[in-house]
>>> print(open('protein-v8.cif').read())   # mmCIF, C-alpha atoms
data_query
#
loop_
_atom_site.group_PDB
_atom_site.id
_atom_site.type_symbol
_atom_site.label_atom_id
_atom_site.label_comp_id
_atom_site.auth_asym_id
_atom_site.auth_seq_id
_atom_site.Cartn_x
_atom_site.Cartn_y
_atom_site.Cartn_z
ATOM 1 C CA MET A 21 21.051 -10.916 -19.622
ATOM 2 C CA ALA A 22 24.544 -9.496 -19.250
ATOM 3 C CA ASP A 23 27.577 -11.643 -18.502
ATOM 4 C CA GLY A 24 27.703 -12.621 -14.849
ATOM 5 C CA GLU A 25 24.195 -11.361 -14.103
ATOM 6 C CA GLN A 26 22.047 -13.638 -11.978
ATOM 7 C CA PRO A 27 18.516 -14.398 -13.228
ATOM 8 C CA ARG A 28 15.908 -12.901 -10.903
ATOM 9 C CA SER A 29 13.000 -14.932 -9.651
ATOM 10 C CA ALA A 30 9.489 -13.488 -9.746
ATOM 11 C CA GLY A 31 9.451 -13.061 -5.966
ATOM 12 C CA SER A 32 12.829 -11.373 -5.635
ATOM 13 C CA ARG A 33 12.908 -7.661 -5.106
ATOM 14 C CA ASN A 34 15.727 -5.184 -4.827
ATOM 15 C CA VAL A 35 15.809 -1.615 -3.550
ATOM 16 C CA SER A 36 15.218 -0.070 -6.979
ATOM 17 C CA ASP A 37 11.917 -2.012 -7.281
ATOM 18 C CA ALA A 38 10.554 -0.519 -4.065
ATOM 19 C CA PRO A 39 7.824 2.106 -4.518
ATOM 20 C CA ASP A 40 9.754 4.600 -2.348
ATOM 21 C CA ALA A 41 12.819 4.397 -4.602
ATOM 22 C CA ARG A 42 10.976 5.993 -7.541
ATOM 23 C CA GLY A 43 10.564 9.290 -5.777
ATOM 24 C CA GLU A 44 7.620 11.613 -6.319
ATOM 25 C CA GLN A 45 7.236 11.074 -10.068
ATOM 26 C CA ASP A 46 3.675 10.879 -11.378
ATOM 27 C CA ALA A 47 4.241 8.724 -14.409
ATOM 28 C CA PRO A 48 1.253 7.299 -16.321
ATOM 29 C CA GLY A 49 2.512 3.803 -15.470
ATOM 30 C CA ASP A 50 1.955 4.438 -11.748
ATOM 31 C CA LEU A 51 -1.803 4.145 -12.157
ATOM 32 C CA THR A 52 -1.523 0.779 -13.910
ATOM 33 C CA ASP A 53 0.974 -0.396 -11.269
ATOM 34 C CA ALA A 54 -1.495 0.551 -8.544
ATOM 35 C CA GLN A 55 -4.312 -1.299 -10.323
ATOM 36 C CA GLU A 56 -2.136 -4.376 -10.834
ATOM 37 C CA SER A 57 -0.996 -4.364 -7.229
ATOM 38 C CA ASP A 58 -4.622 -3.977 -6.103
ATOM 39 C CA ALA A 59 -5.618 -6.929 -8.270
ATOM 40 C CA ALA A 60 -2.676 -8.930 -6.921
ATOM 41 C CA ARG A 61 -3.687 -8.040 -3.365
ATOM 42 C CA ARG A 62 -7.240 -9.235 -4.040
ATOM 43 C CA ARG A 63 -5.933 -12.488 -5.526
ATOM 44 C CA ARG A 64 -3.708 -13.086 -2.490
ATOM 45 C CA ARG A 65 -6.607 -12.299 -0.141
ATOM 46 C CA ALA A 66 -8.941 -14.679 -1.992
ATOM 47 C CA GLN A 67 -6.292 -17.421 -1.841
ATOM 48 C CA PHE A 68 -5.803 -16.814 1.886
ATOM 49 C CA LEU A 69 -9.547 -16.980 2.560
ATOM 50 C CA ARG A 70 -9.851 -20.219 0.564
ATOM 51 C CA GLU A 71 -7.024 -21.798 2.569
ATOM 52 C CA LEU A 72 -8.507 -20.536 5.851
ATOM 53 C CA HIS A 73 -11.898 -22.034 5.002
ATOM 54 C CA GLU A 74 -10.236 -25.325 4.074
ATOM 55 C CA ALA A 75 -8.270 -25.354 7.339
ATOM 56 C CA LYS A 76 -11.454 -24.733 9.358
ATOM 57 C CA GLN A 77 -13.201 -27.608 7.585
ATOM 58 C CA LEU A 78 -10.254 -29.887 8.289
ATOM 59 C CA ARG A 79 -10.250 -28.887 11.964
ATOM 60 C CA ASP A 80 -13.982 -29.600 12.182
ATOM 61 C CA ARG A 81 -13.472 -33.066 10.688
ATOM 62 C CA VAL A 82 -10.558 -33.855 12.984
ATOM 63 C CA GLN A 83 -12.212 -32.542 16.178
ATOM 64 C CA PRO A 84 -15.928 -33.329 15.840
ATOM 65 C CA ARG A 85 -16.736 -32.758 19.522
ATOM 66 C CA ARG A 86 -15.236 -29.288 19.511
ATOM 67 C CA ALA A 87 -16.961 -28.476 16.197
ATOM 68 C CA ARG A 88 -20.329 -29.604 17.604
ATOM 69 C CA ALA A 89 -19.847 -27.491 20.743
ATOM 70 C CA ALA A 90 -18.963 -24.478 18.578
ATOM 71 C CA ARG A 91 -22.123 -25.005 16.487
ATOM 72 C CA MET A 92 -24.214 -25.197 19.658
ATOM 73 C CA ARG A 93 -22.681 -21.967 20.996
ATOM 74 C CA GLN A 94 -23.350 -20.250 17.667
ATOM 75 C CA GLN A 95 -26.973 -21.417 17.693
ATOM 76 C CA MET A 96 -27.405 -20.142 21.245
ATOM 77 C CA ARG A 97 -25.949 -16.761 20.250
ATOM 78 C CA MET A 98 -28.336 -16.563 17.325
ATOM 79 C CA ARG A 99 -31.348 -17.477 19.500
ATOM 80 C CA THR A 100 -30.560 -14.792 22.060
ATOM 81 C CA PHE A 101 -29.692 -12.094 19.508
ATOM 82 C CA ARG A 102 -31.977 -9.055 19.607
ATOM 83 C CA TRP A 103 -32.478 -6.547 16.808
#
>>> encode(input="protein-v8.cif", output="structure tokens")
Amino acid sequence: MADGEQPRSAGSRNVSDAPDARGEQDAPGDLTDAQESDAARRRRRAQFLRELHEAKQLRDRVQPRRARAARMRQQMRMRTFRW
């Protein structure tokens, strides 16, 4: 780290890190960057879905009457569903 340079956090991003700033170069590292970003996207999505599921469970515990009504509506939809 040079004198006077601020340490960057993992979440910080400047203009030179943006994908558009690299231009139209097809470097071999671009493929690995795309794979890593795809893996990161899948990790973020999995985390989001876990938190969403947890939030729904919490809501069902906190509002049992509403949760029961929602279950009844779902059962009625399934009974009247036609292939």
>>> atom_distance(input="protein-v8.cif", atom1="atom CA of Leu72 of chain A", atom2="atom CA of Ala87 of chain A")
15.5 Å
>>> atom_distance(input="protein-v8.cif", atom1="atom CA of Arg86 of chain A", atom2="atom CA of Arg65 of chain A")
27.4 Å
>>> atom_distance(input="protein-v8.cif", atom1="atom CA of Leu51 of chain A", atom2="atom CA of Leu69 of chain A")
26.9 Å
